[in-house]
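Student: Please find final.txt (compact mmCIF, C-alpha atoms) on the next line:
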# COMPACT_ATOMS: atom_id res chain seq x y z
CA MET B 30 20.48 -15.05 -23.79
CA THR B 31 20.60 -12.37 -21.12
CA LEU B 32 18.46 -12.36 -17.98
CA THR B 33 16.11 -9.47 -18.79
CA TYR B 34 13.10 -8.09 -16.95
CA GLU B 35 10.87 -9.89 -19.44
CA LEU B 36 12.52 -13.23 -18.70
CA VAL B 37 12.26 -12.58 -14.95
CA ASP B 38 8.53 -11.93 -15.41
CA ASP B 39 8.11 -15.15 -17.38
CA ILE B 40 9.92 -17.29 -14.80
CA ALA B 41 7.99 -15.73 -11.92
CA PHE B 42 4.69 -16.30 -13.73
CA ALA B 43 5.61 -19.95 -14.31
CA ALA B 44 6.47 -20.32 -10.60
CA GLU B 45 2.94 -19.24 -9.67
CA GLN B 46 1.32 -21.99 -11.73
CA PRO B 47 0.08 -25.13 -9.94
CA PHE B 48 1.83 -27.43 -12.41
CA ARG B 49 5.01 -25.53 -13.00
CA SER B 50 7.64 -26.94 -15.30
CA ASN B 51 11.34 -27.24 -14.59
CA LEU B 52 12.08 -23.60 -13.81
CA GLY B 53 15.80 -24.19 -13.68
CA SER B 54 15.82 -24.81 -17.41
CA HIS B 55 14.92 -21.16 -17.97
CA LEU B 56 18.17 -20.13 -16.30
CA SER B 57 20.52 -22.64 -17.86
CA ASP B 58 21.70 -20.24 -20.55
CA ALA B 59 20.62 -16.89 -19.06
CA GLU B 60 23.69 -14.68 -18.74
CA LEU B 61 23.62 -12.46 -15.64
CA GLU B 62 24.82 -9.32 -17.37
CA LEU B 63 22.22 -6.78 -16.21
CA LEU B 64 21.98 -5.53 -12.66
CA GLY B 65 18.27 -4.66 -12.41
CA PRO B 66 16.81 -8.01 -13.49
CA MET B 67 19.27 -9.87 -11.30
CA ILE B 68 18.27 -7.91 -8.18
CA GLU B 69 14.56 -8.16 -9.00
CA TYR B 70 14.86 -11.94 -9.37
CA THR B 71 16.67 -12.14 -6.03
CA TRP B 72 13.87 -10.14 -4.38
CA LEU B 73 11.21 -12.40 -5.93
CA ARG B 74 12.83 -15.44 -4.35
CA ARG B 75 11.69 -14.10 -0.97
CA SER B 76 8.11 -15.05 -1.80
CA LEU B 77 8.25 -17.50 -4.72
CA PRO B 78 9.79 -20.99 -5.09
CA LEU B 79 12.31 -19.84 -7.68
CA PRO B 80 15.55 -21.68 -8.39
CA SER B 81 18.79 -20.04 -7.36
CA LEU B 82 20.60 -17.86 -9.83
CA SER B 83 23.56 -20.16 -9.27
CA GLY B 84 21.92 -22.28 -11.98
CA ALA B 85 22.67 -19.57 -14.53
CA PRO B 86 26.10 -19.11 -16.09
CA GLY B 87 28.02 -17.06 -13.56
CA THR B 88 29.47 -13.67 -14.33
CA GLN B 89 31.78 -11.48 -12.32
CA LEU B 90 28.85 -9.17 -11.63
CA SER B 91 26.73 -12.02 -10.23
CA GLU B 92 29.62 -13.30 -8.12
CA ARG B 93 30.23 -9.87 -6.61
CA PHE B 94 26.53 -9.45 -5.90
CA ARG B 95 26.45 -12.84 -4.19
CA ASP B 96 29.41 -11.81 -2.06
CA PHE B 97 27.67 -8.56 -1.16
CA ALA B 98 24.42 -10.35 -0.29
CA THR B 99 26.11 -12.85 2.02
CA GLU B 100 28.63 -10.59 3.75
CA PRO B 101 27.86 -7.91 6.35
CA ALA B 102 30.25 -5.46 4.70
CA ALA B 103 28.77 -2.05 3.94
CA SER B 104 29.76 -1.95 0.29
CA CYS B 105 31.27 -3.86 -2.60
CA ASN B 106 32.81 -1.81 -5.36
CA GLY B 107 35.41 -2.05 -8.07
CA SER B 108 35.71 -2.89 -11.75
CA LEU B 109 34.73 -5.96 -13.70
CA ASN B 110 36.99 -7.73 -16.16
CA ASP B 111 35.94 -5.40 -18.96
CA GLY B 112 36.85 -2.40 -16.82
CA SER B 113 33.25 -1.34 -16.24
CA PRO B 114 32.53 -0.19 -12.68
CA PHE B 115 29.94 -1.58 -10.33
CA ASP B 116 28.97 -0.78 -6.77
CA PHE B 117 26.58 -2.17 -4.16
CA VAL B 118 25.95 -0.49 -0.83
CA HIS B 119 23.50 -0.74 2.05
CA LEU B 120 21.48 2.43 2.50
CA PRO B 121 22.09 4.59 5.57
CA THR B 122 19.76 3.79 8.43
CA SER B 123 19.73 7.32 9.89
CA GLU B 124 19.37 10.80 8.45
CA GLU B 125 22.92 11.56 9.53
CA GLY B 126 24.13 8.64 7.42
CA PHE B 127 23.17 10.46 4.23
CA THR B 128 25.88 13.04 4.91
CA ALA B 129 28.45 10.56 6.23
CA PRO B 130 31.55 9.57 4.21
CA PRO B 131 30.38 6.07 3.10
CA TRP B 132 27.25 7.37 1.39
CA VAL B 133 28.91 10.50 0.01
CA SER B 134 31.72 8.34 -1.36
CA PHE B 135 29.24 5.98 -3.01
CA LYS B 136 27.55 8.88 -4.78
CA SER B 137 30.92 10.24 -5.90
CA ARG B 138 31.85 6.86 -7.38
CA MET B 139 28.53 6.70 -9.20
CA MET B 140 28.99 10.15 -10.69
CA PHE B 141 32.53 9.35 -11.80
CA ALA B 142 31.35 6.07 -13.36
CA ALA B 143 28.59 7.84 -15.28
CA GLU B 144 31.00 10.43 -16.64
CA SER B 145 33.43 7.69 -17.62
CA HIS B 146 30.59 5.95 -19.44
CA GLY B 147 30.00 8.93 -21.72
CA PHE B 148 27.53 11.11 -19.85
CA SER B 149 28.28 14.79 -19.41
CA ARG B 150 29.02 16.10 -15.93
CA SER B 151 25.53 17.57 -15.64
CA GLN B 152 23.95 14.29 -16.83
CA ALA B 153 26.07 12.30 -14.37
CA ALA B 154 24.98 14.63 -11.59
CA ALA B 155 21.35 14.16 -12.65
CA LEU B 156 21.71 10.37 -12.53
CA THR B 157 23.31 10.49 -9.11
CA GLY B 158 20.70 12.90 -7.81
CA ALA B 159 17.89 10.70 -9.10
CA MET B 160 19.34 7.70 -7.31
CA GLY B 161 19.67 9.78 -4.14
CA GLU B 162 15.99 10.75 -4.27
CA MET B 163 14.96 7.10 -4.53
CA ALA B 164 17.26 6.18 -1.65
CA SER B 165 15.64 8.87 0.49
CA ASN B 166 12.23 7.44 -0.43
CA ALA B 167 13.26 3.96 0.68
CA PHE B 168 14.66 5.31 3.94
CA GLU B 169 11.57 7.35 4.70
CA HIS B 170 8.72 5.11 3.55
CA SER B 171 9.79 1.46 3.54
CA GLN B 172 9.61 1.05 7.35
CA ARG B 173 12.57 -1.31 6.90
CA PRO B 174 15.52 0.87 5.85
CA ARG B 175 17.98 -1.77 7.04
CA SER B 176 16.74 -3.98 4.19
CA ALA B 177 17.48 -1.39 1.50
CA ILE B 178 20.35 -1.35 -0.96
CA ALA B 179 21.53 0.90 -3.75
CA ALA B 180 23.66 -0.23 -6.65
CA PHE B 181 24.93 0.86 -10.02
CA HIS B 182 26.63 -0.92 -12.88
CA THR B 183 27.86 -0.08 -16.35
CA SER B 184 28.10 -2.40 -19.31
CA PRO B 185 29.29 -1.46 -22.79
CA THR B 186 25.76 -0.44 -23.75
CA VAL B 187 23.90 0.72 -20.63
CA PHE B 188 24.29 2.46 -17.28
CA GLU B 189 22.02 1.03 -14.58
CA PHE B 190 21.12 1.94 -11.04
CA VAL B 191 18.77 0.23 -8.60
CA VAL B 192 17.33 1.15 -5.21
CA ALA B 193 15.53 -1.76 -3.55
CA ASP B 194 14.03 -2.39 -0.14
CA ALA B 195 12.15 -5.28 1.46
CA GLY B 196 9.76 -3.04 3.33
CA VAL B 197 5.98 -2.78 3.47
CA GLY B 198 5.40 -1.76 -0.14
CA ALA B 199 3.53 1.13 -1.74
CA ALA B 200 -0.03 0.28 -0.70
CA ALA B 201 0.71 -0.44 2.97
CA SER B 202 2.88 2.67 3.22
CA LEU B 203 0.11 4.91 1.86
CA ARG B 204 -2.49 3.38 4.18
CA THR B 205 -0.57 4.58 7.23
CA CYS B 206 -2.01 7.99 6.35
CA PRO B 207 -5.75 8.28 7.18
CA GLU B 208 -6.24 10.20 3.93
CA PHE B 209 -5.30 7.06 1.99
CA GLY B 210 -6.63 4.46 4.39
CA HIS B 211 -9.13 3.31 1.77
CA ILE B 212 -6.45 2.43 -0.81
CA HIS B 213 -6.25 -1.33 -1.13
CA ASP B 214 -5.65 -1.77 -4.83
CA PRO B 215 -1.86 -2.07 -5.24
CA GLY B 216 -1.94 -0.71 -8.79
CA GLU B 217 -3.79 2.41 -7.70
CA ALA B 218 -1.37 2.80 -4.79
CA LEU B 219 1.66 2.58 -7.06
CA VAL B 220 0.29 5.22 -9.43
CA LEU B 221 -0.51 7.50 -6.48
CA CYS B 222 3.05 7.13 -5.15
CA LEU B 223 4.33 8.42 -8.48
CA SER B 224 2.03 11.44 -8.40
CA GLU B 225 3.21 14.86 -7.29
CA GLY B 226 2.80 15.61 -3.60
CA ILE B 227 1.47 12.15 -2.67
CA SER B 228 3.04 10.24 0.19
CA ARG B 229 2.14 8.62 3.49
CA HIS B 230 2.39 12.12 5.03
CA GLY B 231 -0.70 13.28 3.14
CA ARG B 232 -1.24 15.90 0.46
CA ASP B 233 -0.95 18.85 2.84
CA ALA B 234 2.54 17.95 4.02
CA THR B 235 4.32 19.29 0.90
CA ARG B 236 6.18 15.99 0.60
CA GLY B 237 6.13 13.24 -2.00
CA PHE B 238 8.10 14.87 -4.80
CA GLY B 239 10.86 12.28 -5.12
CA PHE B 240 9.51 10.58 -8.23
CA GLN B 241 8.99 13.93 -9.92
CA VAL B 242 12.67 14.64 -9.38
CA LEU B 243 13.55 11.19 -10.73
CA PHE B 244 11.54 11.70 -13.90
CA ALA B 245 12.82 15.23 -14.47
CA ARG B 246 16.46 14.23 -14.11
CA LEU B 247 16.16 11.24 -16.43
CA ALA B 248 13.95 12.95 -19.01
CA ASP B 249 16.73 13.52 -21.55
CA LEU B 250 18.69 10.31 -20.97
CA ASN B 251 16.62 7.83 -23.02
CA ALA B 252 15.96 5.89 -19.83
CA ARG B 253 13.84 2.90 -18.97
CA VAL B 254 12.44 3.22 -15.44
CA ARG B 255 10.86 0.18 -13.81
CA ILE B 256 9.00 0.42 -10.51
CA ARG B 257 7.88 -2.77 -8.70
CA SER B 258 5.82 -3.11 -5.57
CA ASP B 259 3.32 -5.67 -4.29
CA ASN B 260 1.98 -7.48 -7.37
CA GLN B 261 2.34 -4.57 -9.77
CA VAL B 262 4.88 -3.06 -12.14
CA ILE B 263 5.06 0.30 -13.90
CA ASP B 264 7.45 0.39 -16.84
CA LEU B 265 8.25 3.80 -18.35
CA ARG B 266 10.56 4.56 -21.24
CA GLY B 267 12.13 7.34 -23.23
CA ASP B 268 10.30 10.65 -23.09
CA ARG B 269 7.26 9.05 -21.41
CA LEU B 270 8.41 9.33 -17.83
CA GLY B 271 5.84 10.38 -15.26
CA PRO B 272 2.43 9.56 -13.80
CA ARG B 273 0.72 10.60 -17.04
CA TRP B 274 2.04 7.42 -18.67
CA ALA B 275 2.02 5.24 -15.57
CA ILE B 276 -0.11 2.21 -16.38
CA PRO B 277 0.28 -0.55 -13.79
CA ALA B 278 0.37 -4.17 -14.88
CA GLY B 279 -0.03 -7.29 -12.80
CA ARG B 280 3.05 -9.31 -11.94
CA ALA B 281 4.17 -11.82 -9.32
CA GLN B 282 4.08 -10.65 -5.72
CA ILE B 283 7.27 -8.99 -4.52
CA GLN B 284 8.26 -7.72 -1.10
CA GLY B 285 9.00 -4.03 -0.71
CA MET B 286 9.70 -1.65 -3.56
CA LEU B 287 12.29 -1.76 -6.32
CA ILE B 288 13.13 1.20 -8.53
CA SER B 289 15.55 0.61 -11.36
CA ALA B 290 16.72 2.69 -14.28
CA GLN B 291 18.60 1.74 -17.42
CA CYS B 292 20.10 4.78 -19.13
CA PHE B 293 21.86 5.07 -22.46
CA PRO B 294 24.56 7.66 -23.10
CA PRO B 295 24.34 9.83 -26.19
CA PRO B 296 26.03 8.43 -29.33
If you took the structure in this file and wrote it as structure tokens, what would it be?

Tutor:
Amino acid sequence: MTLTYELVDDIAFAAEQPFRSNLGSHLSDAELELLGPMIEYTWLRRSLPLPSLSGAPGTQLSERFRDFATEPAASCNGSLNDGSPFDFVHLPTSEEGFTAPPWVSFKSRMMFAAESHGFSRSQAAALTGAMGEMASNAFEHSQRPRSAIAAFHTSPTVFEFVVADAGVGAAASLRTCPEFGHIHDPGEALVLCLSEGISRHGRDATRGFGFQVLFARLADLNARVRIRSDNQVIDLRGDRLGPRWAIPAGRAQIQGMLISAQCFPPP
């Protein structure tokens, strides 16, 4: 059994119950083979009494992520035993950092990995550009850019990337703008963040187009896009990417915002 988003949701729900069962049993045979669920679970442990992922059968991916999470190094990249690439990096904490060699190199490695995984050059560039847009969002809106990471990973069947921060979340970010000061429902806030031209800068600022870029660049890649903030999730798939299909659903409380994408190369 693989640790999937659905299993993460189930464990987090069980952790919120007053008479929770032995949560560790849910992890005893959960292989840590997917990047997105593993990072989301790690983020949930900030606010929920969840058992450590060390209770799950270890994989090289989980070991490398643990090393990255506990070391101050800027990045952790390489290949797993099956030859598939992975990479974790802390986001730049200044605008200049997005043009500096460490970040440019990370994006180059991601593009090369996507091409090696079967995507065309234009598709690989679209994937990398989509990740870059989400990284810019985290830098600009999280109010805690030092908490943010970006990562990608390939397995034999899927190419994943994740941008995650431990910032204020979608609702609190929007409320910093007087125009959205009345927004207290986290589901409504998350849908608004996905909408064109909506951000904490207000509608008149001609900002807030990052998610539109994300959806456009992943439109033809049979992607699953998962967006988590506060106690809400929006899960979009296939050709239904965008605010039109964004239906928030209640989940366990999480700190910050996590955007993850699982993409499948053409046969």

Student: I'd like the neighbourhood of segment 194-210 of chain B as a PyMOL selection string, where a residue qualifies if any of its atoms comes within 8 Å (using only C-alpha atoms), though same-chain residues fewer than 3 positions away should be ignored.

Tutor: chain B and resi 72+167+170-174+176-178+213-215+218-219+222+228-231+258-259+284-287

Student: Just want the 7 Å neighbourhood of Thr183 of chain B, counted on only C-alpha atoms, with same-chain residues fewer than 6 positions away dropped. Output as a PyMOL selection string.

Tutor: chain B and resi 113-115+189

Student: Would you list the contacts of Gly65 of chain B as an mmCIF file with C-alpha atoms, in the frame of the given file, taking every protein, DNA or RNA residue within 12 Å and counting all atoms listed in the file, but skipping same-chain residues closer than 4 positions in sequence?

Tutor:
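Output saved as part_27.cif:
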data_model
loop_
_atom_site.group_PDB
_atom_site.id
_atom_site.type_symbol
_atom_site.label_atom_id
_atom_site.label_comp_id
_atom_site.auth_asym_id
_atom_site.auth_seq_id
_atom_site.Cartn_x
_atom_site.Cartn_y
_atom_site.Cartn_z
ATOM 1 C CA THR B 31 20.600 -12.370 -21.120
ATOM 2 C CA LEU B 32 18.460 -12.360 -17.980
ATOM 3 C CA THR B 33 16.110 -9.470 -18.790
ATOM 4 C CA TYR B 34 13.100 -8.090 -16.950
ATOM 5 C CA GLU B 35 10.870 -9.890 -19.440
ATOM 6 C CA VAL B 37 12.260 -12.580 -14.950
ATOM 7 C CA LEU B 61 23.620 -12.460 -15.640
ATOM 8 C CA GLU B 69 14.560 -8.160 -9.000
ATOM 9 C CA TYR B 70 14.860 -11.940 -9.370
ATOM 10 C CA THR B 71 16.670 -12.140 -6.030
ATOM 11 C CA TRP B 72 13.870 -10.140 -4.380
ATOM 12 C CA LEU B 90 28.850 -9.170 -11.630
ATOM 13 C CA SER B 91 26.730 -12.020 -10.230
ATOM 14 C CA PHE B 94 26.530 -9.450 -5.900
ATOM 15 C CA PHE B 117 26.580 -2.170 -4.160
ATOM 16 C CA ALA B 179 21.530 0.900 -3.750
ATOM 17 C CA ALA B 180 23.660 -0.230 -6.650
ATOM 18 C CA PHE B 181 24.930 0.860 -10.020
ATOM 19 C CA HIS B 182 26.630 -0.920 -12.880
ATOM 20 C CA THR B 183 27.860 -0.080 -16.350
ATOM 21 C CA VAL B 187 23.900 0.720 -20.630
ATOM 22 C CA PHE B 188 24.290 2.460 -17.280
ATOM 23 C CA GLU B 189 22.020 1.030 -14.580
ATOM 24 C CA PHE B 190 21.120 1.940 -11.040
ATOM 25 C CA VAL B 191 18.770 0.230 -8.600
ATOM 26 C CA VAL B 192 17.330 1.150 -5.210
ATOM 27 C CA ALA B 193 15.530 -1.760 -3.550
ATOM 28 C CA ARG B 253 13.840 2.900 -18.970
ATOM 29 C CA VAL B 254 12.440 3.220 -15.440
ATOM 30 C CA ARG B 255 10.860 0.180 -13.810
ATOM 31 C CA ILE B 256 9.000 0.420 -10.510
ATOM 32 C CA ARG B 257 7.880 -2.770 -8.700
ATOM 33 C CA LEU B 287 12.290 -1.760 -6.320
ATOM 34 C CA ILE B 288 13.130 1.200 -8.530
ATOM 35 C CA SER B 289 15.550 0.610 -11.360
ATOM 36 C CA ALA B 290 16.720 2.690 -14.280
ATOM 37 C CA GLN B 291 18.600 1.740 -17.420
ATOM 38 C CA CYS B 292 20.100 4.780 -19.130
#

Student: At a cut-off of 12 Å around the point (14.6, -15.0, -15.9) (file coordinates), what residues fall inside when counting all atoms listed in the file? I'd like the answer as a ChimeraX atom specification.

Tutor: /B:30-44,52-63,65-71,73-74,79-82,84-85

Student: I need the residue nearest His119 of chain B from this list: B:Arg93, B:Arg138, B:Arg175, B:His146. Use all atoms listed in the file for the distance.

Tutor: B:Arg175

Student: Please compute the atom CA of Glu162 of chain B-atom CA of Gln241 of chain B distance, one decimal, in Å.

Tutor: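 Distance reported for this atom pair: 9.5 Å.
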
Student: Measure the distance from atom CA of Leu247 of chain B to atom CA of Val133 of chain B in Å and round it to one decimal.

Tutor: 20.8 Å

Student: At what distance in Å, to one decimal, does atom CA of Arg273 of chain B lie from atom CA of Glu225 of chain B?

Tutor: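 Separation of atom CA of Glu225 of chain B and atom CA of Arg273 of chain B: 10.9 Å.
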
Student: Could I get segment 255-278 of chain B rebuilt with N, CA, C and O atoms, written as a tab-separated table (two decimals), keeping the file's coordinate frame?

Tutor:
chain	number	residue	atom	x	y	z
B	255	ARG	N	11.75	1.27	-14.21
B	255	ARG	CA	10.86	0.18	-13.81
B	255	ARG	C	10.63	0.28	-12.31
B	255	ARG	O	11.59	0.35	-11.53
B	256	ILE	N	9.36	0.27	-11.91
B	256	ILE	CA	9.00	0.42	-10.51
B	256	ILE	C	8.13	-0.78	-10.12
B	256	ILE	O	7.08	-1.02	-10.74
B	257	ARG	N	8.56	-1.54	-9.12
B	257	ARG	CA	7.88	-2.77	-8.70
B	257	ARG	C	7.50	-2.66	-7.25
B	257	ARG	O	8.30	-2.27	-6.40
B	258	SER	N	6.26	-3.02	-6.95
B	258	SER	CA	5.82	-3.11	-5.57
B	258	SER	C	4.58	-4.00	-5.52
B	258	SER	O	3.77	-4.00	-6.46
B	259	ASP	N	4.45	-4.76	-4.44
B	259	ASP	CA	3.32	-5.67	-4.29
B	259	ASP	C	3.25	-6.57	-5.52
B	259	ASP	O	4.23	-7.18	-5.90
B	260	ASN	N	2.10	-6.63	-6.19
B	260	ASN	CA	1.98	-7.48	-7.37
B	260	ASN	C	1.81	-6.65	-8.64
B	260	ASN	O	1.10	-7.01	-9.57
B	261	GLN	N	2.48	-5.50	-8.66
B	261	GLN	CA	2.34	-4.57	-9.77
B	261	GLN	C	3.70	-4.10	-10.28
B	261	GLN	O	4.69	-4.09	-9.54
B	262	VAL	N	3.71	-3.68	-11.54
B	262	VAL	CA	4.88	-3.06	-12.14
B	262	VAL	C	4.42	-1.87	-12.97
B	262	VAL	O	3.34	-1.90	-13.58
B	263	ILE	N	5.22	-0.82	-12.97
B	263	ILE	CA	5.06	0.30	-13.90
B	263	ILE	C	6.36	0.42	-14.66
B	263	ILE	O	7.43	0.52	-14.05
B	264	ASP	N	6.27	0.38	-15.97
B	264	ASP	CA	7.45	0.39	-16.84
B	264	ASP	C	7.35	1.60	-17.75
B	264	ASP	O	6.42	1.71	-18.56
B	265	LEU	N	8.28	2.54	-17.60
B	265	LEU	CA	8.25	3.80	-18.35
B	265	LEU	C	9.53	3.92	-19.17
B	265	LEU	O	10.61	3.53	-18.72
B	266	ARG	N	9.41	4.52	-20.34
B	266	ARG	CA	10.56	4.56	-21.24
B	266	ARG	C	10.64	5.88	-22.00
B	266	ARG	O	9.62	6.51	-22.28
B	267	GLY	N	11.89	6.21	-22.34
B	267	GLY	CA	12.13	7.34	-23.23
B	267	GLY	C	11.60	8.65	-22.70
B	267	GLY	O	11.90	9.04	-21.57
B	268	ASP	N	10.82	9.35	-23.52
B	268	ASP	CA	10.30	10.65	-23.09
B	268	ASP	C	8.95	10.51	-22.39
B	268	ASP	O	8.30	11.51	-22.10
B	269	ARG	N	8.54	9.28	-22.10
B	269	ARG	CA	7.26	9.05	-21.41
B	269	ARG	C	7.54	8.63	-19.96
B	269	ARG	O	7.28	7.49	-19.56
B	270	LEU	N	8.11	9.58	-19.23
B	270	LEU	CA	8.41	9.33	-17.83
B	270	LEU	C	7.50	10.21	-16.97
B	270	LEU	O	7.55	11.42	-17.08
B	271	GLY	N	6.71	9.61	-16.13
B	271	GLY	CA	5.84	10.38	-15.26
B	271	GLY	C	4.50	9.70	-15.07
B	271	GLY	O	4.16	8.75	-15.79
B	272	PRO	N	3.72	10.19	-14.11
B	272	PRO	CA	2.43	9.56	-13.80
B	272	PRO	C	1.45	9.59	-14.96
B	272	PRO	O	0.55	8.75	-15.03
B	273	ARG	N	1.61	10.52	-15.88
B	273	ARG	CA	0.72	10.60	-17.04
B	273	ARG	C	0.74	9.30	-17.85
B	273	ARG	O	-0.27	8.91	-18.44
B	274	TRP	N	1.89	8.65	-17.89
B	274	TRP	CA	2.04	7.42	-18.67
B	274	TRP	C	2.14	6.18	-17.78
B	274	TRP	O	2.46	5.11	-18.27
B	275	ALA	N	1.86	6.34	-16.52
B	275	ALA	CA	2.02	5.24	-15.57
B	275	ALA	C	0.80	4.32	-15.61
B	275	ALA	O	-0.25	4.63	-15.04
B	276	ILE	N	0.96	3.20	-16.28
B	276	ILE	CA	-0.11	2.21	-16.38
B	276	ILE	C	0.37	0.94	-15.67
B	276	ILE	O	1.28	0.25	-16.16
B	277	PRO	N	-0.19	0.63	-14.52
B	277	PRO	CA	0.28	-0.55	-13.79
B	277	PRO	C	-0.15	-1.84	-14.47
B	277	PRO	O	-1.19	-1.90	-15.13
B	278	ALA	N	0.67	-2.85	-14.33
B	278	ALA	CA	0.37	-4.17	-14.88
B	278	ALA	C	0.64	-5.22	-13.82
B	278	ALA	O	1.56	-5.08	-13.01
